[in-house]
file entry-v1.pdb (PDB, C-alpha atoms)
MODEL        1
ATOM      1  CA  MET A   1      23.531   6.522  -4.843
ATOM      2  CA  TRP A   2      23.841   7.789  -8.409
ATOM      3  CA  GLY A   3      21.598  10.425  -9.937
ATOM      4  CA  ILE A   4      20.044   9.016 -13.096
ATOM      5  CA  ASN A   5      16.901   9.738 -14.996
ATOM      6  CA  THR A   6      15.034   6.568 -15.857
ATOM      7  CA  GLY A   7      12.000   8.378 -17.197
ATOM      8  CA  GLN A   8      10.331   7.985 -13.824
ATOM      9  CA  ALA A   9      11.293   9.459 -10.447
ATOM     10  CA  GLN A  10      14.700  11.108 -10.195
ATOM     11  CA  VAL A  11      17.143   8.985  -8.227
ATOM     12  CA  THR A  12      19.253  10.976  -5.755
ATOM     13  CA  GLU A  13      22.878  11.781  -6.472
ATOM     14  CA  ARG A  14      25.736   9.848  -4.947
ATOM     15  CA  GLU A  15      26.428  10.671  -1.351
ATOM     16  CA  ALA A  16      29.193  13.161  -0.575
ATOM     17  CA  GLY A  17      32.581  11.550  -0.076
ATOM     18  CA  ASP A  18      31.712   8.640  -2.376
ATOM     19  CA  LYS A  19      32.914  10.115  -5.655
ATOM     20  CA  LEU A  20      35.066   8.373  -8.230
ATOM     21  CA  LYS A  21      37.331   9.641 -11.001
ATOM     22  CA  ILE A  22      36.864   7.297 -13.950
ATOM     23  CA  SER A  23      38.978   7.559 -17.085
ATOM     24  CA  ILE A  24      38.046   5.982 -20.414
ATOM     25  CA  ALA A  25      40.969   5.063 -22.636
ATOM     26  CA  SER A  26      41.865   2.919 -25.632
ATOM     27  CA  GLY A  27      45.043   1.638 -27.216
ATOM     28  CA  LYS A  28      44.100   3.132 -30.560
ATOM     29  CA  GLY A  29      41.553   5.472 -32.072
ATOM     30  CA  GLY A  30      38.193   4.359 -33.426
ATOM     31  CA  THR A  31      37.317   1.775 -30.788
ATOM     32  CA  GLY A  32      34.360   3.701 -29.349
ATOM     33  CA  LYS A  33      36.131   5.314 -26.404
ATOM     34  CA  THR A  34      34.271   8.620 -26.632
ATOM     35  CA  SER A  35      30.971   6.799 -27.239
ATOM     36  CA  VAL A  36      31.427   5.017 -23.913
ATOM     37  CA  ALA A  37      32.594   8.168 -22.095
ATOM     38  CA  VAL A  38      29.639  10.325 -23.160
ATOM     39  CA  GLY A  39      27.263   7.391 -22.691
ATOM     40  CA  ILE A  40      28.339   7.009 -19.074
ATOM     41  CA  ALA A  41      28.081  10.767 -18.487
ATOM     42  CA  ARG A  42      24.578  10.836 -19.970
ATOM     43  CA  SER A  43      23.590   7.894 -17.763
ATOM     44  CA  ILE A  44      24.887   9.476 -14.551
ATOM     45  CA  GLU A  45      23.564  12.912 -15.583
ATOM     46  CA  TYR A  46      25.094  14.740 -12.594
ATOM     47  CA  CYS A  47      28.875  14.630 -12.940
ATOM     48  CA  GLN A  48      31.940  16.415 -14.241
ATOM     49  CA  PHE A  49      33.133  15.550 -17.750
ATOM     50  CA  LEU A  50      36.645  16.427 -18.891
ATOM     51  CA  ASP A  51      37.765  15.948 -22.490
ATOM     52  CA  TYR A  52      41.512  15.300 -22.267
ATOM     53  CA  ASP A  53      41.772  14.380 -25.943
ATOM     54  CA  VAL A  54      42.988  17.930 -26.570
ATOM     55  CA  GLU A  55      44.409  17.254 -30.028
ATOM     56  CA  ALA A  56      41.004  16.187 -31.359
ATOM     57  CA  PRO A  57      38.291  16.889 -28.753
ATOM     58  CA  ASN A  58      34.839  15.814 -29.921
ATOM     59  CA  ALA A  59      32.769  14.993 -26.820
ATOM     60  CA  SER A  60      31.004  18.344 -27.199
ATOM     61  CA  ILE A  61      29.331  17.020 -30.371
ATOM     62  CA  PHE A  62      27.412  14.522 -28.224
ATOM     63  CA  LEU A  63      26.958  16.369 -24.921
ATOM     64  CA  LYS A  64      26.152  19.695 -26.604
ATOM     65  CA  PRO A  65      27.205  21.936 -23.705
ATOM     66  CA  ASP A  66      26.201  25.549 -23.325
ATOM     67  CA  ILE A  67      29.640  27.199 -23.369
ATOM     68  CA  LYS A  68      30.135  29.734 -20.577
ATOM     69  CA  ASN A  69      33.866  30.446 -20.516
ATOM     70  CA  VAL A  70      36.950  30.180 -22.734
ATOM     71  CA  GLU A  71      40.382  30.550 -21.124
ATOM     72  CA  LYS A  72      43.720  30.773 -22.912
ATOM     73  CA  VAL A  73      46.440  28.299 -21.944
ATOM     74  CA  THR A  74      49.916  29.803 -22.111
ATOM     75  CA  MET A  75      53.473  28.740 -21.397
ATOM     76  CA  ARG A  76      56.671  30.704 -20.845
ATOM     77  CA  GLN A  77      59.152  30.611 -23.694
ATOM     78  CA  PRO A  78      62.560  32.231 -24.034
ATOM     79  CA  TYR A  79      63.669  34.665 -26.677
ATOM     80  CA  PHE A  80      67.249  35.616 -27.298
ATOM     81  CA  LEU A  81      68.667  39.130 -27.679
ATOM     82  CA  THR A  82      71.164  38.109 -30.340
ATOM     83  CA  GLU A  83      72.063  41.709 -31.128
ATOM     84  CA  THR A  84      73.962  41.805 -27.805
ATOM     85  CA  GLY A  85      76.578  39.482 -29.276
ATOM     86  CA  ALA A  86      76.364  37.304 -26.149
ATOM     87  CA  ASP A  87      77.436  33.664 -26.061
ATOM     88  CA  PHE A  88      74.367  31.387 -25.733
ATOM     89  CA  SER A  89      76.282  28.098 -25.830
ATOM     90  CA  LYS A  90      75.385  27.266 -22.211
ATOM     91  CA  CYS A  91      71.709  27.314 -23.203
ATOM     92  CA  VAL A  92      72.489  24.732 -25.872
ATOM     93  CA  GLU A  93      74.337  22.537 -23.384
ATOM     94  CA  PHE A  94      71.535  22.803 -20.834
ATOM     95  CA  CYS A  95      68.555  22.032 -23.101
ATOM     96  CA  ARG A  96      67.861  18.294 -23.049
ATOM     97  CA  TYR A  97      65.100  18.722 -25.666
ATOM     98  CA  ASN A  98      67.436  20.224 -28.301
ATOM     99  CA  ALA A  99      65.253  23.306 -28.624
ATOM    100  CA  VAL A 100      68.355  25.507 -28.874
ATOM    101  CA  ALA A 101      71.245  25.117 -31.288
ATOM    102  CA  TYR A 102      74.359  27.156 -31.962
ATOM    103  CA  VAL A 103      75.320  27.344 -35.631
ATOM    104  CA  ARG A 104      78.337  29.369 -36.767
ATOM    105  CA  GLY A 105      78.165  31.589 -33.749
ATOM    106  CA  LYS A 106      74.407  32.184 -34.046
ATOM    107  CA  VAL A 107      71.670  30.844 -31.791
ATOM    108  CA  VAL A 108      68.865  28.907 -33.485
ATOM    109  CA  PHE A 109      65.668  28.375 -31.477
ATOM    110  CA  PHE A 110      63.064  25.680 -32.200
ATOM    111  CA  PRO A 111      59.946  26.790 -30.232
ATOM    112  CA  GLU A 112      58.055  23.571 -30.989
ATOM    113  CA  LEU A 113      60.609  21.613 -28.951
ATOM    114  CA  CYS A 114      60.740  24.012 -25.996
ATOM    115  CA  HIS A 115      59.177  22.790 -22.741
ATOM    116  CA  GLY A 116      59.294  26.175 -21.028
ATOM    117  CA  CYS A 117      61.525  24.991 -18.183
ATOM    118  CA  GLY A 118      63.186  28.387 -17.678
ATOM    119  CA  GLY A 119      66.667  26.913 -17.950
ATOM    120  CA  CYS A 120      67.871  29.333 -20.632
ATOM    121  CA  LEU A 121      67.064  32.226 -18.346
ATOM    122  CA  LEU A 122      69.077  30.629 -15.536
ATOM    123  CA  VAL A 123      72.211  29.573 -17.389
ATOM    124  CA  GLY A 124      72.240  32.019 -20.302
ATOM    125  CA  PRO A 125      74.192  35.273 -20.396
ATOM    126  CA  PRO A 126      72.628  37.774 -17.936
ATOM    127  CA  GLY A 127      70.232  40.182 -19.608
ATOM    128  CA  ALA A 128      70.507  38.517 -23.011
ATOM    129  CA  VAL A 129      67.694  35.948 -22.515
ATOM    130  CA  LYS A 130      64.121  37.024 -21.831
ATOM    131  CA  GLU A 131      60.798  35.167 -21.548
ATOM    132  CA  ARG A 132      57.297  35.772 -22.882
ATOM    133  CA  ASP A 133      53.926  34.006 -22.751
ATOM    134  CA  ILE A 134      52.994  31.871 -25.753
ATOM    135  CA  GLU A 135      49.406  30.697 -26.249
ATOM    136  CA  VAL A 136      49.280  26.929 -26.823
ATOM    137  CA  GLY A 137      45.581  26.144 -26.413
ATOM    138  CA  LYS A 138      42.314  26.833 -24.646
ATOM    139  CA  ILE A 139      40.172  25.505 -21.827
ATOM    140  CA  ILE A 140      36.490  25.603 -22.757
ATOM    141  CA  ARG A 141      33.921  25.316 -19.980
ATOM    142  CA  GLY A 142      30.169  24.917 -20.081
ATOM    143  CA  ARG A 143      27.162  23.023 -18.832
ATOM    144  CA  ALA A 144      25.418  20.096 -20.501
ATOM    145  CA  SER A 145      21.877  19.106 -19.603
ATOM    146  CA  PRO A 146      20.796  18.274 -17.022
ATOM    147  CA  GLY A 147      23.772  18.591 -14.687
ATOM    148  CA  ILE A 148      27.036  17.805 -16.476
ATOM    149  CA  ASP A 149      29.903  20.183 -15.709
ATOM    150  CA  PHE A 150      31.696  20.120 -19.087
ATOM    151  CA  ILE A 151      35.372  21.060 -19.465
ATOM    152  CA  MET A 152      37.368  20.574 -22.656
ATOM    153  CA  GLY A 153      40.987  21.175 -23.583
ATOM    154  CA  ASP A 154      41.652  22.380 -27.124
ATOM    155  CA  LEU A 155      45.244  22.436 -28.401
ATOM    156  CA  ASN A 156      46.105  25.176 -30.897
ATOM    157  CA  PRO A 157      46.776  23.856 -34.428
ATOM    158  CA  GLY A 158      50.475  23.224 -34.913
ATOM    159  CA  SER A 159      51.285  23.251 -31.212
ATOM    160  CA  LEU A 160      52.984  20.254 -29.609
ATOM    161  CA  ARG A 161      52.142  21.258 -26.047
ATOM    162  CA  THR A 162      49.479  18.596 -25.478
ATOM    163  CA  VAL A 163      50.523  17.859 -21.910
ATOM    164  CA  THR A 164      50.634  21.587 -21.076
ATOM    165  CA  VAL A 165      46.944  21.915 -21.929
ATOM    166  CA  GLN A 166      46.161  18.692 -20.056
ATOM    167  CA  ALA A 167      47.993  20.004 -16.983
ATOM    168  CA  LYS A 168      45.673  23.017 -17.025
ATOM    169  CA  LEU A 169      42.695  20.643 -17.156
ATOM    170  CA  ASP A 170      44.046  18.962 -14.000
ATOM    171  CA  GLU A 171      43.400  22.184 -12.093
ATOM    172  CA  TYR A 172      39.657  21.936 -12.765
ATOM    173  CA  ILE A 173      39.094  18.418 -11.438
ATOM    174  CA  ASP A 174      36.422  18.632  -8.757
ATOM    175  CA  GLU A 175      36.952  16.024  -6.049
ATOM    176  CA  LYS A 176      33.383  16.605  -4.839
ATOM    177  CA  GLN A 177      31.876  15.352  -8.095
ATOM    178  CA  THR A 178      31.936  12.099  -9.984
ATOM    179  CA  VAL A 179      34.514  12.745 -12.704
ATOM    180  CA  ILE A 180      34.499  11.202 -16.185
ATOM    181  CA  ILE A 181      37.743  11.660 -18.152
ATOM    182  CA  ASP A 182      37.775  11.061 -21.906
ATOM    183  CA  CYS A 183      41.423  10.237 -22.673
ATOM    184  CA  PRO A 184      43.310  10.540 -25.957
ATOM    185  CA  PRO A 185      43.903   7.231 -27.767
ATOM    186  CA  GLY A 186      47.217   5.413 -27.541
ATOM    187  CA  THR A 187      49.656   4.801 -24.714
ATOM    188  CA  SER A 188      52.067   7.737 -24.987
ATOM    189  CA  CYS A 189      52.549  10.670 -22.589
ATOM    190  CA  PRO A 190      49.134  12.317 -23.256
ATOM    191  CA  MET A 191      47.318   9.095 -22.321
ATOM    192  CA  VAL A 192      49.401   8.685 -19.167
ATOM    193  CA  ALA A 193      48.778  12.326 -18.221
ATOM    194  CA  SER A 194      45.041  11.688 -18.594
ATOM    195  CA  VAL A 195      44.704   8.478 -16.584
ATOM    196  CA  LYS A 196      47.069   9.412 -13.756
ATOM    197  CA  ASN A 197      44.344  11.225 -11.809
ATOM    198  CA  SER A 198      41.772   8.430 -12.066
ATOM    199  CA  ASP A 199      40.649   5.862  -9.505
ATOM    200  CA  PHE A 200      39.713   3.414 -12.252
ATOM    201  CA  CYS A 201      40.263   3.205 -16.009
ATOM    202  CA  ILE A 202      37.893   1.652 -18.531
ATOM    203  CA  LEU A 203      39.753   0.309 -21.559
ATOM    204  CA  VAL A 204      37.582   0.206 -24.671
ATOM    205  CA  THR A 205      38.635  -2.299 -27.298
ATOM    206  CA  GLU A 206      37.262  -4.407 -30.133
ATOM    207  CA  PRO A 207      37.559  -8.176 -30.688
ATOM    208  CA  THR A 208      40.133  -8.018 -33.489
ATOM    209  CA  PRO A 209      43.878  -8.737 -33.669
ATOM    210  CA  PHE A 210      44.581  -4.983 -33.695
ATOM    211  CA  GLY A 211      42.259  -4.467 -30.754
ATOM    212  CA  LEU A 212      43.937  -7.226 -28.772
ATOM    213  CA  ASN A 213      47.451  -5.939 -29.503
ATOM    214  CA  ASP A 214      46.606  -2.403 -28.364
ATOM    215  CA  LEU A 215      44.712  -3.701 -25.334
ATOM    216  CA  GLU A 216      47.755  -5.689 -24.210
ATOM    217  CA  ILE A 217      49.922  -2.550 -24.343
ATOM    218  CA  SER A 218      47.327  -0.350 -22.612
ATOM    219  CA  ALA A 219      46.737  -2.873 -19.846
ATOM    220  CA  GLU A 220      50.479  -3.114 -19.228
ATOM    221  CA  VAL A 221      50.760   0.680 -18.927
ATOM    222  CA  LEU A 222      47.943   0.773 -16.372
ATOM    223  CA  ARG A 223      49.428  -2.161 -14.480
ATOM    224  CA  LYS A 224      52.737  -0.333 -14.132
ATOM    225  CA  LEU A 225      50.923   2.833 -13.058
ATOM    226  CA  GLY A 226      48.999   0.841 -10.462
ATOM    227  CA  ILE A 227      45.605   1.978 -11.764
ATOM    228  CA  PRO A 228      42.720  -0.526 -11.454
ATOM    229  CA  HIS A 229      41.107  -1.199 -14.805
ATOM    230  CA  GLY A 230      38.506  -3.197 -16.672
ATOM    231  CA  VAL A 231      37.469  -3.693 -20.295
ATOM    232  CA  ILE A 232      34.466  -2.838 -22.435
ATOM    233  CA  ILE A 233      34.359  -4.733 -25.723
ATOM    234  CA  ASN A 234      32.798  -2.685 -28.512
ATOM    235  CA  ARG A 235      31.464  -4.104 -31.786
ATOM    236  CA  ASP A 236      31.148  -7.456 -30.082
ATOM    237  CA  GLY A 237      30.638 -10.265 -32.564
ATOM    238  CA  ILE A 238      32.873  -9.094 -35.421
ATOM    239  CA  GLY A 239      35.977 -11.066 -34.444
ATOM    240  CA  ASP A 240      36.953 -13.904 -32.152
ATOM    241  CA  ASP A 241      37.290 -14.538 -28.417
ATOM    242  CA  SER A 242      40.999 -13.664 -28.127
ATOM    243  CA  VAL A 243      40.270 -10.465 -26.160
ATOM    244  CA  GLU A 244      38.114 -12.392 -23.690
ATOM    245  CA  ARG A 245      40.785 -15.066 -23.288
ATOM    246  CA  PHE A 246      43.410 -12.381 -22.656
ATOM    247  CA  CYS A 247      41.232 -10.732 -20.010
ATOM    248  CA  ASP A 248      40.515 -14.072 -18.332
ATOM    249  CA  LYS A 249      44.194 -15.028 -18.293
ATOM    250  CA  ASN A 250      45.216 -11.663 -16.789
ATOM    251  CA  ASN A 251      42.315 -11.366 -14.339
ATOM    252  CA  ILE A 252      40.913  -8.262 -16.067
ATOM    253  CA  LYS A 253      37.166  -7.879 -15.649
ATOM    254  CA  ILE A 254      35.031  -7.462 -18.766
ATOM    255  CA  LEU A 255      32.587  -4.769 -17.708
ATOM    256  CA  GLU A 256      30.296  -4.753 -20.745
ATOM    257  CA  LYS A 257      29.949  -5.878 -24.344
ATOM    258  CA  ILE A 258      28.499  -3.491 -26.911
ATOM    259  CA  PRO A 259      27.113  -5.345 -29.947
ATOM    260  CA  ASN A 260      28.059  -4.587 -33.524
ATOM    261  CA  ASP A 261      24.782  -2.740 -34.138
ATOM    262  CA  ILE A 262      24.309  -0.554 -37.229
ATOM    263  CA  ASN A 263      21.692   1.503 -35.368
ATOM    264  CA  ILE A 264      24.228   2.469 -32.683
ATOM    265  CA  ALA A 265      26.608   3.557 -35.451
ATOM    266  CA  LYS A 266      23.872   5.620 -37.130
ATOM    267  CA  ALA A 267      23.006   7.315 -33.839
ATOM    268  CA  TYR A 268      26.703   8.094 -33.282
ATOM    269  CA  SER A 269      26.973   9.666 -36.738
ATOM    270  CA  ASP A 270      24.062  11.934 -35.801
ATOM    271  CA  GLY A 271      25.702  12.990 -32.522
ATOM    272  CA  ILE A 272      23.307  10.919 -30.398
ATOM    273  CA  THR A 273      24.619   9.073 -27.337
ATOM    274  CA  MET A 274      23.695   5.471 -26.668
ATOM    275  CA  PRO A 275      21.413   6.260 -23.673
ATOM    276  CA  GLU A 276      19.544   8.753 -25.862
ATOM    277  CA  TYR A 277      19.242   6.203 -28.662
ATOM    278  CA  ASN A 278      17.958   3.501 -26.304
ATOM    279  CA  LYS A 279      17.254   3.986 -22.590
ATOM    280  CA  LYS A 280      18.325   0.407 -21.826
ATOM    281  CA  TRP A 281      21.892   1.675 -22.011
ATOM    282  CA  ILE A 282      21.317   3.791 -18.899
ATOM    283  CA  LYS A 283      20.836   0.643 -16.861
ATOM    284  CA  ARG A 284      23.723  -1.135 -18.577
ATOM    285  CA  PHE A 285      26.173   1.717 -18.083
ATOM    286  CA  MET A 286      25.067   2.120 -14.469
ATOM    287  CA  ALA A 287      25.751  -1.584 -13.992
ATOM    288  CA  VAL A 288      29.298  -0.866 -15.187
ATOM    289  CA  ILE A 289      29.606   1.854 -12.549
ATOM    290  CA  ASP A 290      28.338  -0.566  -9.883
ATOM    291  CA  LEU A 291      31.071  -3.039 -10.864
ATOM    292  CA  ILE A 292      33.695  -0.287 -10.675
ATOM    293  CA  GLU A 293      32.486   0.744  -7.218
ATOM    294  CA  LYS A 294      32.886  -2.840  -6.038
ATOM    295  CA  GLU A 295      36.404  -2.942  -7.475
ATOM    296  CA  ASN A 296      37.299   0.230  -5.550
ATOM    297  CA  LYS A 297      35.970  -0.844  -2.139
TER     298      LYS A 297
ENDMDL
END
call {"tool": "encode", "arguments": {"input": "entry-v1.pdb", "output": "structure tokens"}}
result
Amino acid sequence: MWGINTGQAQVTEREAGDKLKISIASGKGGTGKTSVAVGIARSIEYCQFLDYDVEAPNASIFLKPDIKNVEKVTMRQPYFLTETGADFSKCVEFCRYNAVAYVRGKVVFFPELCHGCGGCLLVGPPGAVKERDIEVGKIIRGRASPGIDFIMGDLNPGSLRTVTVQAKLDEYIDEKQTVIIDCPPGTSCPMVASVKNSDFCILVTEPTPFGLNDLEISAEVLRKLGIPHGVIINRDGIGDDSVERFCDKNNIKILEKIPNDINIAKAYSDGITMPEYNKKWIKRFMAVIDLIEKENK
């Protein structure tokens, strides 16, 4: 059973061995993905929350964790001792990401494209290629009231190593807790890296042509990954029923509909989660979790 605070007696936490990893994703930004993620975390109260949207993490604005630890995320990167006069052409041939070029007998290195595979060290001239640690981001850990284990990835400005920071987040996933993963928007590699660890993915969309288009792409990605998924429609009432018809046609369960309510938007702008704005959302989000549990039995 889930641990939630209804304003009355505290309900016990879920039994050991009955934990789920739930990711919340969206085909594009601005659909309310983080609103749903933090709302679910606030409803459960005792869980682990991981912000995988490392390029623009903002869940901390709503969960307000007490930060306890900040850890640097580094990757190995080569540097070339060009003064040796060595031939680095094999490094160029080896690098599939075009991070190394050879121009008029000189090596040109593009660190933003380097994936830190170590290949230059293996195939380059002995002693002429070295490696060093480069900081690409941070892992920020804390505790949000009453019992949310909060972990956030934060990519350094200008760095392209999104997946490197996300891979470090993977190491902190606690199988003994219910895990809520706030994914980055879109359907590219960072989204895939975020959902791959989940037992179920909630796709947050809106009833508009743009929302439908992005939902179709997201649902196809999850289908190919073999990850069970359902849909929450945000700002319900602003568009048409095309999203619902798509879900019905493709046997995708609609888990909840969030109305187009100006008061919800005002609460969001003040950093207030939906369960804090109105306690009815605790019951509604917990009903979503009940549906997900049934889907995973």
call {"tool": "resolve_selection", "arguments": {"input": "entry-v1.pdb", "expression": "the PyMOL selection byres ((chain A and resi 178-180) around 6)", "output": "list in words"}}
result
Lys19, Leu20, Lys21, Ile22, Ser23, Cys47, Gln48, Phe49, Gln177 and Ile181 of chain A
call {"tool": "residues_around", "arguments": {"input": "entry-v1.pdb", "residues": "Gly226 in chain A", "least_positions_apart": "3", "cutoff": "12 Å", "atoms": "only C-alpha atoms", "output": "number ranges by chain"}}
result
A: 192, 195-201, 219-223, 229
call {"tool": "residues_around", "arguments": {"input": "entry-v1.pdb", "residues": "Pro185 in chain A", "least_positions_apart": "5", "cutoff": "9 Å", "atoms": "only C-alpha atoms", "output": "VMD selection string"}}
result
chain A and resid 25 to 30 33 53 190 to 191
call {"tool": "write_last_selection", "arguments": {"input": "entry-v1.pdb", "atoms": "C-alpha atoms", "output": "short mmCIF file (atom, residue, chain, number, x, y, z; two decimals), keeping the file's coordinate frame"}}
result
data_model
loop_
_atom_site.label_atom_id
_atom_site.label_comp_id
_atom_site.auth_asym_id
_atom_site.auth_seq_id
_atom_site.Cartn_x
_atom_site.Cartn_y
_atom_site.Cartn_z
CA ALA A 25 40.97 5.06 -22.64
CA SER A 26 41.86 2.92 -25.63
CA GLY A 27 45.04 1.64 -27.22
CA LYS A 28 44.10 3.13 -30.56
CA GLY A 29 41.55 5.47 -32.07
CA GLY A 30 38.19 4.36 -33.43
CA LYS A 33 36.13 5.31 -26.40
CA ASP A 53 41.77 14.38 -25.94
CA PRO A 190 49.13 12.32 -23.26
CA MET A 191 47.32 9.10 -22.32
#
call {"tool": "atom_distance", "arguments": {"input": "entry-v1.pdb", "atom1": "CA of Gly186 in chain A", "atom2": "CA of Pro228 in chain A"}}
result
17.7 Å
call {"tool": "resolve_selection", "arguments": {"input": "entry-v1.pdb", "expression": "the PyMOL selection byres ((chain A and resi 71) around 8)", "output": "PDB file with C-alpha atoms, in the frame of the given file"}}
result
ATOM      1  CA  ASN A  69      33.866  30.446 -20.516  1.00  0.00           C
ATOM      2  CA  VAL A  70      36.950  30.180 -22.734  1.00  0.00           C
ATOM      3  CA  LYS A  72      43.720  30.773 -22.912  1.00  0.00           C
ATOM      4  CA  VAL A  73      46.440  28.299 -21.944  1.00  0.00           C
ATOM      5  CA  LYS A 138      42.314  26.833 -24.646  1.00  0.00           C
ATOM      6  CA  ILE A 139      40.172  25.505 -21.827  1.00  0.00           C
ATOM      7  CA  ILE A 140      36.490  25.603 -22.757  1.00  0.00           C
TER       8      ILE A 140
END
call {"tool": "residues_near_point", "arguments": {"input": "entry-v1.pdb", "point": "(42.5, 20.1, -30.5)", "cutoff": "9 Å", "atoms": "all atoms listed in the file", "output": "list in words"}}
result
Asp53, Val54, Glu55, Ala56, Pro57, Asn58, Gly137, Lys138, Gly153, Asp154, Leu155, Asn156, Pro157 and Thr162 of chain A
call {"tool": "resolve_selection", "arguments": {"input": "entry-v1.pdb", "expression": "the PyMOL selection byres ((chain A and resi 203) around 7)", "output": "ChimeraX atom specification"}}
result
/A:24-26,201-202,204-205,230-232
call {"tool": "closest_residue", "arguments": {"input": "entry-v1.pdb", "among": "A:Pro78, A:Tyr172, A:Arg284, A:Tyr102", "to": "Gly127 in chain A", "atoms": "all atoms listed in the file"}}
result
A:Pro78
call {"tool": "residues_around", "arguments": {"input": "entry-v1.pdb", "residues": "range 274-276 of chain A", "least_positions_apart": "2", "cutoff": "9 Å", "atoms": "all atoms listed in the file", "output": "MDAnalysis selection string"}}
result
chainID A and resid 35:36 38:40 42:43 264 267:268 272 278:283 285
call {"tool": "residues_around", "arguments": {"input": "entry-v1.pdb", "residues": "Val163 in chain A", "least_positions_apart": "4", "cutoff": "8 Å", "atoms": "only C-alpha atoms", "output": "PyMOL selection string"}}
result
chain A and resi 167+189-190+193
call {"tool": "closest_residue", "arguments": {"input": "entry-v1.pdb", "among": "A:Val100, A:Asp261, A:Glu295, A:Asp214", "to": "Ile227 in chain A", "atoms": "only C-alpha atoms"}}
result
A:Glu295
call {"tool": "axis_aligned_box", "arguments": {"input": "entry-v1.pdb", "around": "range 181-185 of chain A", "padding_each_side": "6 Å", "output": "lines of an AutoDock Vina configuration file"}}
result
center_x = 40.8
center_y = 9.4
center_z = -23.0
size_x = 18.2
size_y = 16.4
size_z = 21.6
call {"tool": "residues_near_point", "arguments": {"input": "entry-v1.pdb", "point": "(27.6, -9.3, -35.8)", "cutoff": "9 Å", "atoms": "only C-alpha atoms", "output": "PDB file with C-alpha atoms, keeping the file's coordinate frame"}}
result
ATOM      1  CA  ARG A 235      31.464  -4.104 -31.786  1.00  0.00           C
ATOM      2  CA  ASP A 236      31.148  -7.456 -30.082  1.00  0.00           C
ATOM      3  CA  GLY A 237      30.638 -10.265 -32.564  1.00  0.00           C
ATOM      4  CA  ILE A 238      32.873  -9.094 -35.421  1.00  0.00           C
ATOM      5  CA  GLY A 239      35.977 -11.066 -34.444  1.00  0.00           C
ATOM      6  CA  PRO A 259      27.113  -5.345 -29.947  1.00  0.00           C
ATOM      7  CA  ASN A 260      28.059  -4.587 -33.524  1.00  0.00           C
ATOM      8  CA  ASP A 261      24.782  -2.740 -34.138  1.00  0.00           C
TER       9      ASP A 261
END
call {"tool": "atom_distance", "arguments": {"input": "entry-v1.pdb", "atom1": "CA of Glu256 in chain A", "atom2": "CA of Glu216 in chain A"}}
result
17.8 Å
call {"tool": "closest_residue", "arguments": {"input": "entry-v1.pdb", "among": "A:Glu112, A:Asp182, A:Asp174, A:Asp149", "to": "Gly32 in chain A", "atoms": "all atoms listed in the file"}}
result
A:Asp182
